[in-house]
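Report on the following structure.
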Amino acid sequence: MPNEISLQKLKEKYGTILKLTSDDKLITTYCKKPSFATFLNYQNKYKDNPHEAILFLFQECILDQENYDDEFMLSAGNSIVAMIKKDSEFVIDATPQKDEFKKSAALIRYAFQVDPYQLSMDEFYKLLEEALWLQKHNEKRTENTLMTAFAQTFSN
């Protein structure tokens, strides 16, 4: 188990660190939140084999090299998925389809000129929320400009 100094270094490197503990409190491990690319890979694998997909997600996020039993890895992987769903609070469908993720990634890339596939999922959803707000703001501004232009055109 990492000490406070190593935990702080992990937080600086990965952002949010998740502490996952087994039901019986005998096993504790630390994970990073998955990147957007990792989560897309998880979704692709989930279609074919949910069990393997959850194990893949856990193994991608784990910050140590310990061996864990399948039951703990599945439980921890499901916890990671639950946290991602919680991060995406403004999404109507809690398990968005691949196409929705690609549209969201394109919007983030356009609005912020960053590679969305390298972002952690919580950062991805924060930027998506901001990009959607910007898009709505720009649409409102365009709408007001058109209304003004029509009003001036037809008042003459």
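How things are named: the first chain in the structure tokens is A, the next is B, and so on; residues count from 1 in each chain; ligands count from 1 in the order shown.
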
If you count only C-alpha atoms, which residues fall within 12 Å of A:Glu52, apart from same-chain ones fewer than 2 positions away, as a JSON list (two decimals) with all heavy atoms, in the first residue's frame?
```
[["chain", "number", "residue", "atom", "x", "y", "z"],
["A", 41, "ASN", "N", -11.92, 1.10, -25.83],
["A", 41, "ASN", "CA", -11.48, -0.29, -25.98],
["A", 41, "ASN", "C", -12.32, -1.22, -25.09],
["A", 41, "ASN", "O", -12.69, -2.32, -25.50],
["A", 41, "ASN", "CB", -10.00, -0.44, -25.63],
["A", 41, "ASN", "CG", -9.11, 0.11, -26.70],
["A", 41, "ASN", "OD1", -9.49, 0.23, -27.86],
["A", 41, "ASN", "ND2", -7.89, 0.47, -26.32],
["A", 42, "TYR", "N", -12.59, -0.77, -23.89],
["A", 42, "TYR", "CA", -13.44, -1.53, -22.97],
["A", 42, "TYR", "C", -14.82, -1.77, -23.60],
["A", 42, "TYR", "O", -15.32, -2.89, -23.59],
["A", 42, "TYR", "CB", -13.57, -0.79, -21.64],
["A", 42, "TYR", "CG", -14.81, -1.15, -20.85],
["A", 42, "TYR", "CD1", -14.88, -2.34, -20.13],
["A", 42, "TYR", "CD2", -15.92, -0.30, -20.84],
["A", 42, "TYR", "CE1", -16.02, -2.68, -19.42],
["A", 42, "TYR", "CE2", -17.05, -0.63, -20.14],
["A", 42, "TYR", "CZ", -17.10, -1.82, -19.43],
["A", 42, "TYR", "OH", -18.24, -2.14, -18.73],
["A", 43, "GLN", "N", -15.40, -0.72, -24.17],
["A", 43, "GLN", "CA", -16.72, -0.86, -24.78],
["A", 43, "GLN", "C", -16.71, -1.84, -25.95],
["A", 43, "GLN", "O", -17.64, -2.62, -26.11],
["A", 43, "GLN", "CB", -17.25, 0.50, -25.26],
["A", 43, "GLN", "CG", -17.84, 1.31, -24.15],
["A", 43, "GLN", "CD", -18.67, 2.44, -24.68],
["A", 43, "GLN", "OE1", -18.29, 3.12, -25.62],
["A", 43, "GLN", "NE2", -19.81, 2.66, -24.08],
["A", 44, "ASN", "N", -15.65, -1.77, -26.76],
["A", 44, "ASN", "CA", -15.55, -2.69, -27.89],
["A", 44, "ASN", "C", -15.45, -4.14, -27.42],
["A", 44, "ASN", "O", -16.07, -5.04, -27.98],
["A", 44, "ASN", "CB", -14.35, -2.35, -28.78],
["A", 44, "ASN", "CG", -14.58, -1.08, -29.56],
["A", 44, "ASN", "OD1", -15.71, -0.70, -29.84],
["A", 44, "ASN", "ND2", -13.49, -0.41, -29.91],
["A", 45, "LYS", "N", -14.65, -4.37, -26.37],
["A", 45, "LYS", "CA", -14.49, -5.71, -25.83],
["A", 45, "LYS", "C", -15.76, -6.19, -25.13],
["A", 45, "LYS", "O", -16.07, -7.38, -25.14],
["A", 45, "LYS", "CB", -13.32, -5.75, -24.84],
["A", 45, "LYS", "CG", -11.96, -5.55, -25.49],
["A", 45, "LYS", "CD", -10.87, -5.46, -24.42],
["A", 45, "LYS", "CE", -9.52, -5.12, -24.99],
["A", 45, "LYS", "NZ", -8.93, -6.13, -25.81],
["A", 46, "TYR", "N", -16.50, -5.26, -24.55],
["A", 46, "TYR", "CA", -17.70, -5.61, -23.79],
["A", 46, "TYR", "C", -18.74, -6.29, -24.66],
["A", 46, "TYR", "O", -19.45, -7.19, -24.19],
["A", 46, "TYR", "CB", -18.28, -4.35, -23.14],
["A", 46, "TYR", "CG", -19.33, -4.64, -22.09],
["A", 46, "TYR", "CD1", -18.96, -4.89, -20.78],
["A", 46, "TYR", "CD2", -20.68, -4.69, -22.41],
["A", 46, "TYR", "CE1", -19.90, -5.17, -19.80],
["A", 46, "TYR", "CE2", -21.63, -4.96, -21.45],
["A", 46, "TYR", "CZ", -21.24, -5.21, -20.15],
["A", 46, "TYR", "OH", -22.18, -5.49, -19.19],
["A", 47, "LYS", "N", -18.83, -5.88, -25.92],
["A", 47, "LYS", "CA", -19.81, -6.48, -26.83],
["A", 47, "LYS", "C", -19.58, -7.98, -26.99],
["A", 47, "LYS", "O", -20.52, -8.76, -27.04],
["A", 47, "LYS", "CB", -19.74, -5.81, -28.20],
["A", 47, "LYS", "CG", -20.17, -4.38, -28.20],
["A", 47, "LYS", "CD", -19.92, -3.77, -29.56],
["A", 47, "LYS", "CE", -19.99, -2.25, -29.46],
["A", 47, "LYS", "NZ", -19.47, -1.62, -30.64],
["A", 48, "ASP", "N", -18.31, -8.37, -27.10],
["A", 48, "ASP", "CA", -17.96, -9.76, -27.33],
["A", 48, "ASP", "C", -17.88, -10.58, -26.05],
["A", 48, "ASP", "O", -18.28, -11.74, -26.02],
["A", 48, "ASP", "CB", -16.62, -9.86, -28.07],
["A", 48, "ASP", "CG", -16.67, -9.19, -29.43],
["A", 48, "ASP", "OD1", -17.75, -9.21, -30.06],
["A", 48, "ASP", "OD2", -15.63, -8.64, -29.84],
["A", 49, "ASN", "N", -17.31, -9.98, -24.99],
["A", 49, "ASN", "CA", -17.10, -10.74, -23.77],
["A", 49, "ASN", "C", -17.06, -9.78, -22.57],
["A", 49, "ASN", "O", -16.00, -9.25, -22.24],
["A", 49, "ASN", "CB", -15.79, -11.53, -23.87],
["A", 49, "ASN", "CG", -15.60, -12.49, -22.72],
["A", 49, "ASN", "OD1", -16.18, -12.32, -21.65],
["A", 49, "ASN", "ND2", -14.77, -13.49, -22.94],
["A", 50, "PRO", "N", -18.19, -9.55, -21.91],
["A", 50, "PRO", "CA", -18.23, -8.60, -20.79],
["A", 50, "PRO", "C", -17.23, -8.92, -19.68],
["A", 50, "PRO", "O", -16.61, -8.02, -19.12],
["A", 50, "PRO", "CB", -19.67, -8.71, -20.28],
["A", 50, "PRO", "CG", -20.45, -9.22, -21.44],
["A", 50, "PRO", "CD", -19.51, -10.09, -22.21],
["A", 54, "ILE", "N", -14.30, -6.24, -18.51],
["A", 54, "ILE", "CA", -14.15, -5.68, -17.16],
["A", 54, "ILE", "C", -12.76, -5.97, -16.61],
["A", 54, "ILE", "O", -12.14, -5.10, -15.99],
["A", 54, "ILE", "CB", -15.26, -6.20, -16.23],
["A", 54, "ILE", "CG1", -16.61, -5.65, -16.73],
["A", 54, "ILE", "CG2", -15.01, -5.80, -14.79],
["A", 54, "ILE", "CD1", -17.82, -6.27, -16.06],
["A", 55, "LEU", "N", -12.24, -7.17, -16.85],
["A", 55, "LEU", "CA", -10.87, -7.49, -16.43],
["A", 55, "LEU", "C", -9.87, -6.58, -17.14],
["A", 55, "LEU", "O", -8.92, -6.08, -16.52],
["A", 55, "LEU", "CB", -10.55, -8.96, -16.71],
["A", 55, "LEU", "CG", -11.30, -9.98, -15.88],
["A", 55, "LEU", "CD1", -10.94, -11.40, -16.32],
["A", 55, "LEU", "CD2", -11.05, -9.79, -14.40],
["A", 56, "PHE", "N", -10.08, -6.34, -18.44],
["A", 56, "PHE", "CA", -9.22, -5.44, -19.21],
["A", 56, "PHE", "C", -9.22, -4.04, -18.59],
["A", 56, "PHE", "O", -8.16, -3.44, -18.39],
["A", 56, "PHE", "CB", -9.70, -5.37, -20.67],
["A", 56, "PHE", "CG", -9.16, -4.20, -21.43],
["A", 56, "PHE", "CD1", -7.87, -4.23, -21.95],
["A", 56, "PHE", "CD2", -9.93, -3.07, -21.63],
["A", 56, "PHE", "CE1", -7.36, -3.14, -22.65],
["A", 56, "PHE", "CE2", -9.43, -1.98, -22.32],
["A", 56, "PHE", "CZ", -8.14, -2.02, -22.83],
["A", 57, "LEU", "N", -10.40, -3.52, -18.28],
["A", 57, "LEU", "CA", -10.51, -2.18, -17.71],
["A", 57, "LEU", "C", -9.76, -2.10, -16.38],
["A", 57, "LEU", "O", -9.00, -1.15, -16.14],
["A", 57, "LEU", "CB", -11.98, -1.81, -17.51],
["A", 57, "LEU", "CG", -12.26, -0.39, -17.05],
["A", 57, "LEU", "CD1", -11.79, 0.63, -18.08],
["A", 57, "LEU", "CD2", -13.74, -0.21, -16.76],
["A", 58, "PHE", "N", -9.94, -3.10, -15.54],
["A", 58, "PHE", "CA", -9.24, -3.13, -14.25],
["A", 58, "PHE", "C", -7.73, -3.13, -14.46],
["A", 58, "PHE", "O", -7.00, -2.35, -13.85],
["A", 58, "PHE", "CB", -9.67, -4.35, -13.44],
["A", 58, "PHE", "CG", -8.90, -4.50, -12.15],
["A", 58, "PHE", "CD1", -9.22, -3.74, -11.05],
["A", 58, "PHE", "CD2", -7.85, -5.41, -12.06],
["A", 58, "PHE", "CE1", -8.49, -3.87, -9.86],
["A", 58, "PHE", "CE2", -7.13, -5.55, -10.89],
["A", 58, "PHE", "CZ", -7.46, -4.77, -9.79],
["A", 59, "GLN", "N", -7.25, -3.99, -15.35],
["A", 59, "GLN", "CA", -5.81, -4.12, -15.58],
["A", 59, "GLN", "C", -5.21, -2.85, -16.17],
["A", 59, "GLN", "O", -4.06, -2.53, -15.91],
["A", 59, "GLN", "CB", -5.52, -5.33, -16.45],
["A", 59, "GLN", "CG", -5.79, -6.62, -15.71],
["A", 59, "GLN", "CD", -5.89, -7.84, -16.61],
["A", 59, "GLN", "OE1", -6.01, -7.72, -17.83],
["A", 59, "GLN", "NE2", -5.87, -9.02, -16.01],
["A", 70, "ASP", "N", -9.94, -13.11, -9.69],
["A", 70, "ASP", "CA", -10.91, -12.62, -10.67],
["A", 70, "ASP", "C", -12.10, -11.92, -10.02],
["A", 70, "ASP", "O", -12.59, -10.91, -10.52],
["A", 70, "ASP", "CB", -11.42, -13.76, -11.55],
["A", 70, "ASP", "CG", -10.52, -14.04, -12.74],
["A", 70, "ASP", "OD1", -9.44, -13.41, -12.83],
["A", 70, "ASP", "OD2", -10.89, -14.88, -13.57],
["A", 73, "MET", "N", -11.10, -8.42, -9.13],
["A", 73, "MET", "CA", -10.88, -7.61, -10.34],
["A", 73, "MET", "C", -12.21, -7.26, -11.00],
["A", 73, "MET", "O", -12.39, -6.13, -11.47],
["A", 73, "MET", "CB", -9.96, -8.34, -11.32],
["A", 73, "MET", "CG", -8.53, -8.45, -10.82],
["A", 73, "MET", "SD", -7.34, -9.01, -12.06],
["A", 73, "MET", "CE", -7.93, -10.63, -12.46],
["A", 74, "LEU", "N", -13.15, -8.20, -11.05],
["A", 74, "LEU", "CA", -14.46, -7.92, -11.64],
["A", 74, "LEU", "C", -15.22, -6.89, -10.81],
["A", 74, "LEU", "O", -15.82, -5.96, -11.35],
["A", 74, "LEU", "CB", -15.27, -9.20, -11.77],
["A", 74, "LEU", "CG", -14.81, -10.18, -12.85],
["A", 74, "LEU", "CD1", -15.55, -11.50, -12.72],
["A", 74, "LEU", "CD2", -15.01, -9.58, -14.22],
["A", 77, "GLY", "N", -13.48, -3.56, -11.31],
["A", 77, "GLY", "CA", -13.78, -3.06, -12.65],
["A", 77, "GLY", "C", -15.18, -2.50, -12.74],
["A", 77, "GLY", "O", -15.41, -1.45, -13.34],
["A", 78, "ASN", "N", -16.14, -3.19, -12.13],
["A", 78, "ASN", "CA", -17.52, -2.69, -12.11],
["A", 78, "ASN", "C", -17.61, -1.38, -11.33],
["A", 78, "ASN", "O", -18.39, -0.49, -11.68],
["A", 78, "ASN", "CB", -18.47, -3.72, -11.53],
["A", 78, "ASN", "CG", -18.82, -4.80, -12.53],
["A", 78, "ASN", "OD1", -18.95, -4.53, -13.72],
["A", 78, "ASN", "ND2", -18.97, -6.02, -12.06]]
```

Best match for closeness to A:Phe124 among A:Asp99, A:Asp24, A:Asp87, A:Asp64, counting only C-alpha atoms | A:Asp87

Atom pair atom CA of A:Phe39 + atom CA of A:Tyr14, distance 15.5 Å

Selected residue of minimal separation from A:Met121 among A:Thr29, A:Ser155, A:Ser79, A:Thr38, counting only C-alpha atoms |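 Among A:Thr29, A:Ser155, A:Ser79, A:Thr38, it is A:Thr38 that comes nearest to A:Met121.
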
Could you find all residues in stretch 24-123 of chain A that DSSP calls helix (DSSP H, G or I) from the backbone, and write them as a PyMOL selection string?
-> chain A and resi 36-48+50-61+70-87+98-112+116-118+121-123

Counting only C-alpha atoms, what is within 9 Å of A:Ile80, bar same-chain residues fewer than 3 positions away, as a ChimeraX atom specification?
-> /A:18,20,31,33-34,57-58,61,75-77,83-85

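If you measure from each of A:Gln65, A:Asn144, A:Ser22, A:Ser104 to A:Lys126 using only C-alpha atoms, the closest one turns out to be A:Ser104.
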
What lies within 12 Å of A:Leu7 using only C-alpha atoms, ignoring chain neighbours under 3 positions off, as a list in words?
->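 My list of contacting residues is Met1, Pro2, Asn3, Glu4, Leu10, Lys11, Glu12, Lys13, Tyr14, Gly15, Thr16, Ile17, Leu18, Lys19, Thr29, Tyr30, Cys31, Lys32, Leu63 and Asp64 of chain A.
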
Using only C-alpha atoms, please write the residues we just selected to a file, as a PDB file, in the first residue's frame.
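Output file selection.pdb follows:
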```pdb
ATOM      1  CA  MET A   1       0.000   0.000   0.000  1.00  0.00           C
ATOM      2  CA  PRO A   2       1.465   3.377  -0.983  1.00  0.00           C
ATOM      3  CA  ASN A   3       2.329   5.944   1.639  1.00  0.00           C
ATOM      4  CA  GLU A   4       1.052   9.548   1.562  1.00  0.00           C
ATOM      5  CA  LEU A  10       0.365   9.400  -8.205  1.00  0.00           C
ATOM      6  CA  LYS A  11      -2.291  12.120  -7.924  1.00  0.00           C
ATOM      7  CA  GLU A  12       0.031  14.609  -9.620  1.00  0.00           C
ATOM      8  CA  LYS A  13       0.732  12.155 -12.423  1.00  0.00           C
ATOM      9  CA  TYR A  14      -2.764  10.698 -13.010  1.00  0.00           C
ATOM     10  CA  GLY A  15      -5.204  13.182 -11.468  1.00  0.00           C
ATOM     11  CA  THR A  16      -7.943  11.388  -9.596  1.00  0.00           C
ATOM     12  CA  ILE A  17      -6.849   8.216  -7.799  1.00  0.00           C
ATOM     13  CA  LEU A  18      -9.454   5.639  -6.852  1.00  0.00           C
ATOM     14  CA  LYS A  19      -9.047   3.548  -3.722  1.00  0.00           C
ATOM     15  CA  THR A  29      -5.609  -1.229  -4.326  1.00  0.00           C
ATOM     16  CA  TYR A  30      -5.320   2.105  -6.089  1.00  0.00           C
ATOM     17  CA  CYS A  31      -6.410   2.807  -9.651  1.00  0.00           C
ATOM     18  CA  LYS A  32      -6.362   5.738 -12.014  1.00  0.00           C
ATOM     19  CA  LEU A  63      -1.426   1.292 -10.415  1.00  0.00           C
ATOM     20  CA  ASP A  64       0.446  -1.655  -8.928  1.00  0.00           C
TER      21      ASP A  64
END
```

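Here atom CA of A:Phe112 and atom CA of A:Leu132 stand 11.7 Å from one another.
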
Per DSSP on the backbone, filter stretch 5-154 of chain A down to the residues in strand (DSSP E) and report them as a PyMOL selection string.
-> chain A and resi 17-21+28-32

Record the distance separating atom CA of A:Phe36 and atom CA of A:Tyr117, expressed in Å with one decimal.
->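 Answer for the atom CA of A:Phe36 to atom CA of A:Tyr117 separation: 4.7 Å.
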
Go through A:Gln113, A:Thr21, A:Gln135, A:Ser35 one by one, measure the shortest atom-to-atom distance of each to A:Tyr68 using only C-alpha atoms, and give the residue with the smallest value.
-> A:Thr21
